[in-house]
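Chemist: This is the content of protein-v6.txt (compact mmCIF, C-alpha atoms):
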```txt
# COMPACT_ATOMS: atom_id res chain seq x y z
CA GLU A 1146 -56.07 -66.38 -51.23
CA LEU A 1147 -56.14 -70.16 -51.30
CA LYS A 1148 -57.53 -71.93 -48.25
CA VAL A 1149 -56.90 -75.64 -47.76
CA GLU A 1150 -58.98 -77.77 -45.43
CA GLN A 1151 -58.20 -81.34 -44.55
CA ASN A 1152 -60.35 -83.85 -42.78
CA PRO A 1153 -60.14 -85.64 -40.60
CA LEU A 1154 -57.41 -83.88 -38.61
CA PHE A 1155 -56.85 -86.95 -36.51
CA LEU A 1156 -57.36 -90.58 -37.43
CA SER A 1157 -56.66 -93.74 -35.51
CA MET A 1158 -57.15 -96.95 -37.39
CA GLN A 1159 -56.18 -100.59 -37.27
CA GLU A 1160 -53.76 -102.34 -39.55
CA GLY A 1161 -55.38 -103.90 -42.56
CA LYS A 1162 -58.19 -101.33 -42.85
CA ASN A 1163 -58.83 -98.87 -45.67
CA TYR A 1164 -59.43 -95.18 -45.21
CA THR A 1165 -59.52 -91.89 -47.11
CA ILE A 1166 -58.20 -88.45 -46.19
CA TYR A 1167 -59.95 -85.51 -47.85
CA CYS A 1168 -58.48 -82.21 -48.93
CA ASN A 1169 -60.75 -79.37 -50.02
CA TYR A 1170 -59.38 -76.13 -51.41
CA SER A 1171 -61.07 -72.82 -51.95
CA THR A 1172 -59.96 -71.50 -55.33
CA THR A 1173 -59.06 -72.92 -58.70
CA SER A 1174 -55.67 -74.56 -58.61
CA ASP A 1175 -53.58 -76.14 -61.35
CA ARG A 1176 -51.79 -78.49 -58.99
CA LEU A 1177 -52.04 -80.18 -55.63
CA TYR A 1178 -49.33 -81.76 -53.51
CA TRP A 1179 -49.30 -84.39 -50.80
CA TYR A 1180 -46.52 -84.56 -48.23
CA ARG A 1181 -45.75 -86.86 -45.33
CA GLN A 1182 -44.13 -85.74 -42.07
CA ASP A 1183 -42.84 -88.04 -39.34
CA PRO A 1184 -42.57 -86.64 -35.79
CA GLY A 1185 -39.68 -84.20 -35.48
CA LYS A 1186 -38.77 -84.63 -39.13
CA SER A 1187 -39.14 -82.60 -42.27
CA LEU A 1188 -41.61 -83.09 -45.11
CA GLU A 1189 -41.31 -85.85 -47.66
CA SER A 1190 -42.97 -85.37 -51.01
CA LEU A 1191 -45.49 -88.10 -51.84
CA PHE A 1192 -47.46 -86.98 -54.88
CA VAL A 1193 -47.80 -84.09 -57.29
CA LEU A 1194 -51.18 -83.97 -59.03
CA LEU A 1195 -51.24 -81.73 -62.07
CA SER A 1196 -54.55 -82.18 -63.85
CA ASN A 1197 -58.19 -82.92 -63.32
CA GLY A 1198 -58.75 -86.61 -62.88
CA ALA A 1199 -55.11 -87.27 -62.09
CA VAL A 1200 -54.54 -90.42 -60.07
CA LYS A 1201 -51.20 -91.53 -58.70
CA GLN A 1202 -50.35 -94.59 -56.64
CA GLU A 1203 -47.34 -95.57 -54.60
CA GLY A 1204 -47.56 -98.75 -52.59
CA ARG A 1205 -50.59 -98.59 -50.31
CA LEU A 1206 -51.24 -94.90 -50.99
CA MET A 1207 -53.29 -93.53 -53.86
CA ALA A 1208 -53.99 -89.85 -54.49
CA SER A 1209 -56.53 -88.29 -56.83
CA LEU A 1210 -57.53 -84.82 -57.90
CA ASP A 1211 -60.92 -83.42 -58.95
CA THR A 1212 -60.37 -79.79 -59.90
CA LYS A 1213 -64.05 -79.16 -60.56
CA ALA A 1214 -64.98 -80.21 -57.04
CA ARG A 1215 -61.78 -78.64 -55.68
CA LEU A 1216 -61.12 -81.90 -53.90
CA SER A 1217 -58.19 -84.22 -53.56
CA THR A 1218 -58.19 -87.52 -51.73
CA LEU A 1219 -55.47 -89.70 -50.28
CA HIS A 1220 -56.60 -93.30 -49.98
CA ILE A 1221 -54.85 -95.81 -47.78
CA THR A 1222 -55.29 -99.46 -48.61
CA ALA A 1223 -54.68 -102.23 -46.06
CA ALA A 1224 -52.90 -99.88 -43.69
CA VAL A 1225 -49.66 -100.90 -41.99
CA HIS A 1226 -48.02 -99.40 -38.91
CA ASP A 1227 -45.20 -97.80 -40.96
CA LEU A 1228 -47.73 -95.45 -42.55
CA SER A 1229 -48.30 -93.71 -39.20
CA ALA A 1230 -47.39 -90.05 -39.80
CA THR A 1231 -48.94 -86.65 -40.45
CA TYR A 1232 -50.10 -86.12 -44.02
CA PHE A 1233 -50.41 -82.66 -45.53
CA CYS A 1234 -52.00 -81.49 -48.73
CA ALA A 1235 -50.90 -78.21 -50.25
CA GLY A 1236 -51.66 -76.02 -53.21
CA PRO A 1237 -50.22 -72.86 -54.74
CA GLY A 1238 -51.36 -69.74 -53.00
CA GLY A 1239 -48.61 -68.66 -50.66
CA GLY A 1240 -47.26 -66.23 -53.18
CA ALA A 1241 -46.00 -66.75 -56.71
CA ASP A 1242 -44.80 -70.25 -56.03
CA GLY A 1243 -45.12 -70.65 -52.29
CA LEU A 1244 -47.48 -73.34 -51.10
CA THR A 1245 -50.48 -73.10 -48.79
CA PHE A 1246 -50.76 -76.15 -46.57
CA GLY A 1247 -53.68 -77.71 -44.76
CA LYS A 1248 -53.42 -78.34 -41.04
CA GLY A 1249 -52.49 -81.94 -41.64
CA THR A 1250 -54.05 -85.29 -40.82
CA HIS A 1251 -52.37 -87.03 -37.91
CA LEU A 1252 -52.67 -90.73 -38.71
CA ILE A 1253 -52.01 -93.47 -36.17
CA ILE A 1254 -52.17 -97.06 -37.33
CA GLN A 1255 -52.34 -99.55 -34.53
CA PRO A 1256 -51.13 -103.15 -34.88
CA ASP B 228 -26.16 -86.37 -49.23
CA THR B 229 -27.37 -84.04 -51.95
CA GLY B 230 -30.61 -82.92 -50.30
CA VAL B 231 -31.50 -79.55 -48.82
CA SER B 232 -29.44 -78.85 -45.71
CA GLN B 233 -30.10 -76.38 -42.90
CA ASP B 234 -27.93 -75.11 -40.09
CA PRO B 235 -28.26 -75.09 -37.15
CA ARG B 236 -30.79 -77.83 -36.52
CA HIS B 237 -31.70 -76.42 -33.13
CA LYS B 238 -31.36 -72.94 -31.68
CA ILE B 239 -32.28 -71.76 -28.21
CA THR B 240 -32.12 -68.03 -27.63
CA LYS B 241 -33.33 -65.45 -25.19
CA ARG B 242 -36.03 -62.96 -26.09
CA GLY B 243 -34.57 -59.89 -27.73
CA GLN B 244 -31.56 -61.62 -29.26
CA ASN B 245 -30.90 -61.88 -32.99
CA VAL B 246 -30.62 -65.25 -34.72
CA THR B 247 -29.57 -66.29 -38.21
CA PHE B 248 -30.31 -69.54 -39.99
CA ARG B 249 -28.69 -70.92 -43.13
CA CYS B 250 -30.14 -73.01 -45.92
CA ASP B 251 -28.20 -74.78 -48.67
CA PRO B 252 -30.55 -75.90 -51.45
CA ILE B 253 -30.09 -78.84 -53.74
CA SER B 254 -27.35 -78.04 -56.19
CA GLU B 255 -28.60 -76.21 -59.28
CA HIS B 256 -32.04 -75.58 -57.83
CA ASN B 257 -32.73 -71.95 -58.62
CA ARG B 258 -35.88 -71.59 -56.52
CA LEU B 259 -35.65 -71.38 -52.74
CA TYR B 260 -38.43 -71.00 -50.18
CA TRP B 261 -38.68 -70.36 -46.45
CA TYR B 262 -41.59 -71.62 -44.37
CA ARG B 263 -42.45 -71.56 -40.69
CA GLN B 264 -44.22 -74.39 -38.92
CA THR B 265 -45.66 -74.24 -35.41
CA LEU B 266 -46.72 -77.25 -33.40
CA GLY B 267 -49.78 -78.98 -34.80
CA GLN B 268 -49.99 -76.77 -37.88
CA GLY B 269 -48.98 -77.01 -41.49
CA PRO B 270 -46.03 -75.00 -42.80
CA GLU B 271 -46.73 -71.34 -43.58
CA PHE B 272 -45.01 -69.64 -46.50
CA LEU B 273 -42.64 -66.82 -45.60
CA THR B 274 -40.63 -65.87 -48.66
CA TYR B 275 -39.37 -67.06 -52.04
CA PHE B 276 -36.22 -66.51 -54.10
CA GLN B 277 -35.56 -67.16 -57.73
CA ASN B 278 -31.79 -67.13 -58.05
CA GLU B 279 -30.69 -64.14 -55.95
CA ALA B 280 -33.92 -62.17 -56.37
CA GLN B 281 -36.45 -62.19 -53.55
CA LEU B 282 -39.71 -62.28 -55.50
CA GLU B 283 -42.32 -62.75 -52.84
CA LYS B 284 -42.75 -62.04 -49.15
CA SER B 285 -45.67 -63.13 -47.00
CA ARG B 286 -47.35 -60.67 -44.68
CA LEU B 287 -46.15 -63.06 -41.96
CA LEU B 288 -42.63 -61.76 -42.62
CA SER B 289 -42.54 -58.81 -40.26
CA ASP B 290 -39.90 -56.09 -40.33
CA ARG B 291 -37.87 -58.09 -37.84
CA PHE B 292 -37.34 -60.82 -40.43
CA SER B 293 -34.94 -60.53 -43.32
CA ALA B 294 -33.82 -63.09 -45.85
CA GLU B 295 -31.01 -63.02 -48.37
CA ARG B 296 -29.63 -65.20 -51.10
CA PRO B 297 -26.62 -63.16 -52.20
CA LYS B 298 -25.14 -65.37 -54.90
CA GLY B 299 -28.17 -67.39 -55.80
CA SER B 300 -26.91 -70.40 -53.88
CA PHE B 301 -27.33 -70.59 -50.10
CA SER B 302 -29.80 -68.40 -48.22
CA THR B 303 -29.93 -66.90 -44.75
CA LEU B 304 -32.94 -65.98 -42.65
CA GLU B 305 -32.33 -63.50 -39.84
CA ILE B 306 -34.74 -62.70 -37.05
CA GLN B 307 -33.98 -59.58 -35.05
CA ARG B 308 -35.19 -58.92 -31.51
CA THR B 309 -36.71 -62.37 -31.19
CA GLU B 310 -40.04 -62.81 -29.43
CA GLN B 311 -41.51 -65.91 -27.82
CA GLY B 312 -44.00 -66.08 -30.66
CA ASP B 313 -41.13 -66.68 -33.06
CA SER B 314 -40.61 -70.14 -31.56
CA ALA B 315 -41.24 -72.56 -34.42
CA MET B 316 -39.61 -74.88 -36.93
CA TYR B 317 -38.17 -72.92 -39.84
CA LEU B 318 -38.14 -74.97 -43.02
CA CYS B 319 -36.30 -74.31 -46.23
CA ALA B 320 -37.26 -75.87 -49.54
CA SER B 321 -35.91 -75.74 -53.06
CA SER B 322 -37.14 -76.64 -56.51
CA PRO B 323 -35.38 -76.83 -59.86
CA ARG B 324 -35.50 -74.33 -62.70
CA GLY B 325 -38.02 -74.95 -65.41
CA SER B 326 -41.68 -75.69 -64.85
CA ARG B 327 -43.22 -74.05 -61.80
CA LEU B 328 -45.34 -77.15 -61.40
CA VAL B 329 -42.57 -79.25 -59.92
CA GLU B 330 -42.49 -80.25 -56.31
CA GLN B 331 -40.55 -78.53 -53.56
CA PHE B 332 -37.95 -80.51 -51.62
CA PHE B 333 -37.73 -79.68 -47.96
CA GLY B 334 -34.74 -79.56 -45.66
CA PRO B 335 -34.66 -80.95 -42.09
CA GLY B 336 -35.57 -77.59 -40.56
CA THR B 337 -34.19 -75.39 -37.79
CA ARG B 338 -36.12 -75.59 -34.55
CA LEU B 339 -36.05 -72.22 -32.77
CA THR B 340 -36.95 -71.87 -29.11
CA VAL B 341 -37.16 -68.35 -27.70
CA LEU B 342 -37.06 -68.23 -23.90
```
Would you mind writing the structure in this file as structure tokens?

Modeler:
Amino acid sequence: ELKVEQNPLFLSMQEGKNYTIYCNYSTTSDRLYWYRQDPGKSLESLFVLLSNGAVKQEGRLMASLDTKARLSTLHITAAVHDLSATYFCAGPGGGADGLTFGKGTHLIIQP
Amino acid sequence: DTGVSQDPRHKITKRGQNVTFRCDPISEHNRLYWYRQTLGQGPEFLTYFQNEAQLEKSRLLSDRFSAERPKGSFSTLEIQRTEQGDSAMYLCASSPRGSRLVEQFFGPGTRLTVL
């Protein structure tokens, strides 16, 4: 059964700074997902990473996948307040196609 | 809006009552999932449908929970004899036919409070 661990679970940072969220998973996986959730809202898909070495970028967010290390990272460049949210990584393991999620990283970006 | 929709958005019930939630997936998405999310946690997988067939159920889905997708379109999730521990956000997601590698699109959720 896949286990997904994120760290940190809570992060407070200032605008303009860079930071990385880490996602470790326990068993071999052919894909890894990143989602964003705003308070009281549902999940918004950010990235789908499908192969070793995959890197995807959208605005100030960049995600990468290292299947050998069983590690994915979400890097935030020059953070802005609008990026404040909870970020989840997830991989297959909740059944045939169901996803197993990490506990999430609660990110607060202060002006 | 052509996204995943869920109804109701909020439900308050008393312990022991039955509740039913509805999910309408994105049109032509043949895969449908139910998840449960409690405060401060990530979503937990409950069950999965491909068309009308329920192909997977998590051990989290006790006998009090039942899900259906009778015509392969919308789905319902029923909880019988609700308990306070059932209080959570219930999320529905769908994904299109074809590659199982595609992402899942989530609905707004139904927040259940059991008093």

Chemist: Could you pull the residues within 8 Å of segment 1242-1250 of chain A, counting only C-alpha atoms, minus those fewer than 2 positions along the same chain, as a JSON list (two decimals) with C-alpha atoms, in the coordinates of the input?

Modeler:
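Listing of part39.json after writing:
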```
[["chain", "number", "residue", "atom", "x", "y", "z"],
["A", 1147, "LEU", "CA", -56.14, -70.16, -51.30],
["A", 1148, "LYS", "CA", -57.53, -71.93, -48.25],
["A", 1149, "VAL", "CA", -56.90, -75.64, -47.76],
["A", 1150, "GLU", "CA", -58.98, -77.77, -45.43],
["A", 1151, "GLN", "CA", -58.20, -81.34, -44.55],
["A", 1152, "ASN", "CA", -60.35, -83.85, -42.78],
["A", 1153, "PRO", "CA", -60.14, -85.64, -40.60],
["A", 1154, "LEU", "CA", -57.41, -83.88, -38.61],
["A", 1155, "PHE", "CA", -56.85, -86.95, -36.51],
["A", 1156, "LEU", "CA", -57.36, -90.58, -37.43],
["A", 1166, "ILE", "CA", -58.20, -88.45, -46.19],
["A", 1168, "CYS", "CA", -58.48, -82.21, -48.93],
["A", 1231, "THR", "CA", -48.94, -86.65, -40.45],
["A", 1232, "TYR", "CA", -50.10, -86.12, -44.02],
["A", 1233, "PHE", "CA", -50.41, -82.66, -45.53],
["A", 1234, "CYS", "CA", -52.00, -81.49, -48.73],
["A", 1235, "ALA", "CA", -50.90, -78.21, -50.25],
["A", 1236, "GLY", "CA", -51.66, -76.02, -53.21],
["A", 1237, "PRO", "CA", -50.22, -72.86, -54.74],
["A", 1238, "GLY", "CA", -51.36, -69.74, -53.00],
["A", 1239, "GLY", "CA", -48.61, -68.66, -50.66],
["A", 1240, "GLY", "CA", -47.26, -66.23, -53.18],
["A", 1252, "LEU", "CA", -52.67, -90.73, -38.71],
["B", 260, "TYR", "CA", -38.43, -71.00, -50.18],
["B", 267, "GLY", "CA", -49.78, -78.98, -34.80],
["B", 268, "GLN", "CA", -49.99, -76.77, -37.88],
["B", 269, "GLY", "CA", -48.98, -77.01, -41.49],
["B", 270, "PRO", "CA", -46.03, -75.00, -42.80],
["B", 271, "GLU", "CA", -46.73, -71.34, -43.58],
["B", 272, "PHE", "CA", -45.01, -69.64, -46.50],
["B", 274, "THR", "CA", -40.63, -65.87, -48.66],
["B", 275, "TYR", "CA", -39.37, -67.06, -52.04],
["B", 327, "ARG", "CA", -43.22, -74.05, -61.80]]
```

Chemist: Need the shell around Gln311 of chain B: protein/DNA/RNA residues with any atom at most 7 Å away, counting all atoms listed in the file. Skip same-chain ones fewer than 5 positions apart. Format as a list of chain:residue names?

Modeler: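 Residues near the query, excluding close chain neighbours: B:Arg242, B:Val341, B:Leu342.
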
Chemist: In terms of the shortest atom-to-atom distance over only C-alpha atoms, which of A:Arg1181, A:Lys1201, A:Lys1186, A:His1226 is closest to Gly334 of chain B?

Modeler: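 Of all the options, A:Lys1186 lies closest to Gly334 of chain B.
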
Chemist: With distances taken over only C-alpha atoms, which of B:Ile306, B:Leu339, B:Leu288, B:Leu282 is nearest to chain A?

Modeler: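 Between B:Ile306, B:Leu339, B:Leu288, B:Leu282, the residue approaching chain A most closely is B:Leu282.
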
Chemist: Please determine the contact residues of chain B with respect to chain A at a cut-off of 12 Å, counting all atoms listed in the file, and supply them as a ChimeraX atom specification.

Modeler: /B:230-233,236-237,258-277,281-287,315-322,326-338

Chemist: Would you save the residues from that selection as an mmCIF file, keeping the file's coordinate frame, using C-alpha atoms?

Modeler:
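In the end it all went to result.cif:
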```cif
data_model
loop_
_atom_site.group_PDB
_atom_site.id
_atom_site.type_symbol
_atom_site.label_atom_id
_atom_site.label_comp_id
_atom_site.auth_asym_id
_atom_site.auth_seq_id
_atom_site.Cartn_x
_atom_site.Cartn_y
_atom_site.Cartn_z
ATOM 1 C CA GLY B 230 -30.610 -82.920 -50.300
ATOM 2 C CA VAL B 231 -31.500 -79.550 -48.820
ATOM 3 C CA SER B 232 -29.440 -78.850 -45.710
ATOM 4 C CA GLN B 233 -30.100 -76.380 -42.900
ATOM 5 C CA ARG B 236 -30.790 -77.830 -36.520
ATOM 6 C CA HIS B 237 -31.700 -76.420 -33.130
ATOM 7 C CA ARG B 258 -35.880 -71.590 -56.520
ATOM 8 C CA LEU B 259 -35.650 -71.380 -52.740
ATOM 9 C CA TYR B 260 -38.430 -71.000 -50.180
ATOM 10 C CA TRP B 261 -38.680 -70.360 -46.450
ATOM 11 C CA TYR B 262 -41.590 -71.620 -44.370
ATOM 12 C CA ARG B 263 -42.450 -71.560 -40.690
ATOM 13 C CA GLN B 264 -44.220 -74.390 -38.920
ATOM 14 C CA THR B 265 -45.660 -74.240 -35.410
ATOM 15 C CA LEU B 266 -46.720 -77.250 -33.400
ATOM 16 C CA GLY B 267 -49.780 -78.980 -34.800
ATOM 17 C CA GLN B 268 -49.990 -76.770 -37.880
ATOM 18 C CA GLY B 269 -48.980 -77.010 -41.490
ATOM 19 C CA PRO B 270 -46.030 -75.000 -42.800
ATOM 20 C CA GLU B 271 -46.730 -71.340 -43.580
ATOM 21 C CA PHE B 272 -45.010 -69.640 -46.500
ATOM 22 C CA LEU B 273 -42.640 -66.820 -45.600
ATOM 23 C CA THR B 274 -40.630 -65.870 -48.660
ATOM 24 C CA TYR B 275 -39.370 -67.060 -52.040
ATOM 25 C CA PHE B 276 -36.220 -66.510 -54.100
ATOM 26 C CA GLN B 277 -35.560 -67.160 -57.730
ATOM 27 C CA GLN B 281 -36.450 -62.190 -53.550
ATOM 28 C CA LEU B 282 -39.710 -62.280 -55.500
ATOM 29 C CA GLU B 283 -42.320 -62.750 -52.840
ATOM 30 C CA LYS B 284 -42.750 -62.040 -49.150
ATOM 31 C CA SER B 285 -45.670 -63.130 -47.000
ATOM 32 C CA ARG B 286 -47.350 -60.670 -44.680
ATOM 33 C CA LEU B 287 -46.150 -63.060 -41.960
ATOM 34 C CA ALA B 315 -41.240 -72.560 -34.420
ATOM 35 C CA MET B 316 -39.610 -74.880 -36.930
ATOM 36 C CA TYR B 317 -38.170 -72.920 -39.840
ATOM 37 C CA LEU B 318 -38.140 -74.970 -43.020
ATOM 38 C CA CYS B 319 -36.300 -74.310 -46.230
ATOM 39 C CA ALA B 320 -37.260 -75.870 -49.540
ATOM 40 C CA SER B 321 -35.910 -75.740 -53.060
ATOM 41 C CA SER B 322 -37.140 -76.640 -56.510
ATOM 42 C CA SER B 326 -41.680 -75.690 -64.850
ATOM 43 C CA ARG B 327 -43.220 -74.050 -61.800
ATOM 44 C CA LEU B 328 -45.340 -77.150 -61.400
ATOM 45 C CA VAL B 329 -42.570 -79.250 -59.920
ATOM 46 C CA GLU B 330 -42.490 -80.250 -56.310
ATOM 47 C CA GLN B 331 -40.550 -78.530 -53.560
ATOM 48 C CA PHE B 332 -37.950 -80.510 -51.620
ATOM 49 C CA PHE B 333 -37.730 -79.680 -47.960
ATOM 50 C CA GLY B 334 -34.740 -79.560 -45.660
ATOM 51 C CA PRO B 335 -34.660 -80.950 -42.090
ATOM 52 C CA GLY B 336 -35.570 -77.590 -40.560
ATOM 53 C CA THR B 337 -34.190 -75.390 -37.790
ATOM 54 C CA ARG B 338 -36.120 -75.590 -34.550
#
```

Chemist: Could you please determine the separation between atom CA of Glu279 of chain B and atom CA of Lys298 of chain B in Å, to one decimal place?

Modeler: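 Value for the atom CA of Glu279 of chain B-atom CA of Lys298 of chain B distance: 5.8 Å.
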
Chemist: Starting from 8 Å padding per side, set up an axis-aligned box that covers all listed atoms of segment 278-294 of chain B and hand over centre and edge lengths in Å, one decimal, as lines of an AutoDock Vina configuration file.

Modeler:
```
center_x = -39.0
center_y = -61.6
center_z = -47.9
size_x = 32.7
size_y = 27.0
size_z = 36.2
```

Chemist: Rounded to one decimal, what separation in Å do you get between atom CA of Gly1161 of chain A and atom CA of Asp1227 of chain A?

Modeler: 12.0 Å

Chemist: Quick one: residues within 8 Å of Ile1253 of chain A, all atoms listed in the file, excluding same-chain residues fewer than 3 positions away - as a list in words?

Modeler: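 Counting all atoms listed in the file, the residues come to Leu1156, Ser1157, Met1158, His1226, Leu1228, Ser1229 and Ala1230 of chain A.
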
Chemist: From the list A:Gln1159, A:Ser1217, A:Thr1173, A:Ser1196, which residue is nearest Pro1256 of chain A when using all atoms listed in the file?

Modeler: A:Gln1159

Chemist: Restricting the calculation to all atoms listed in the file, which member of B:Pro235, B:Pro323, B:Pro252, B:Gly312 is positioned closest to Ser300 of chain B?

Modeler: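 The answer is B:Pro252, which sits nearest to Ser300 of chain B.
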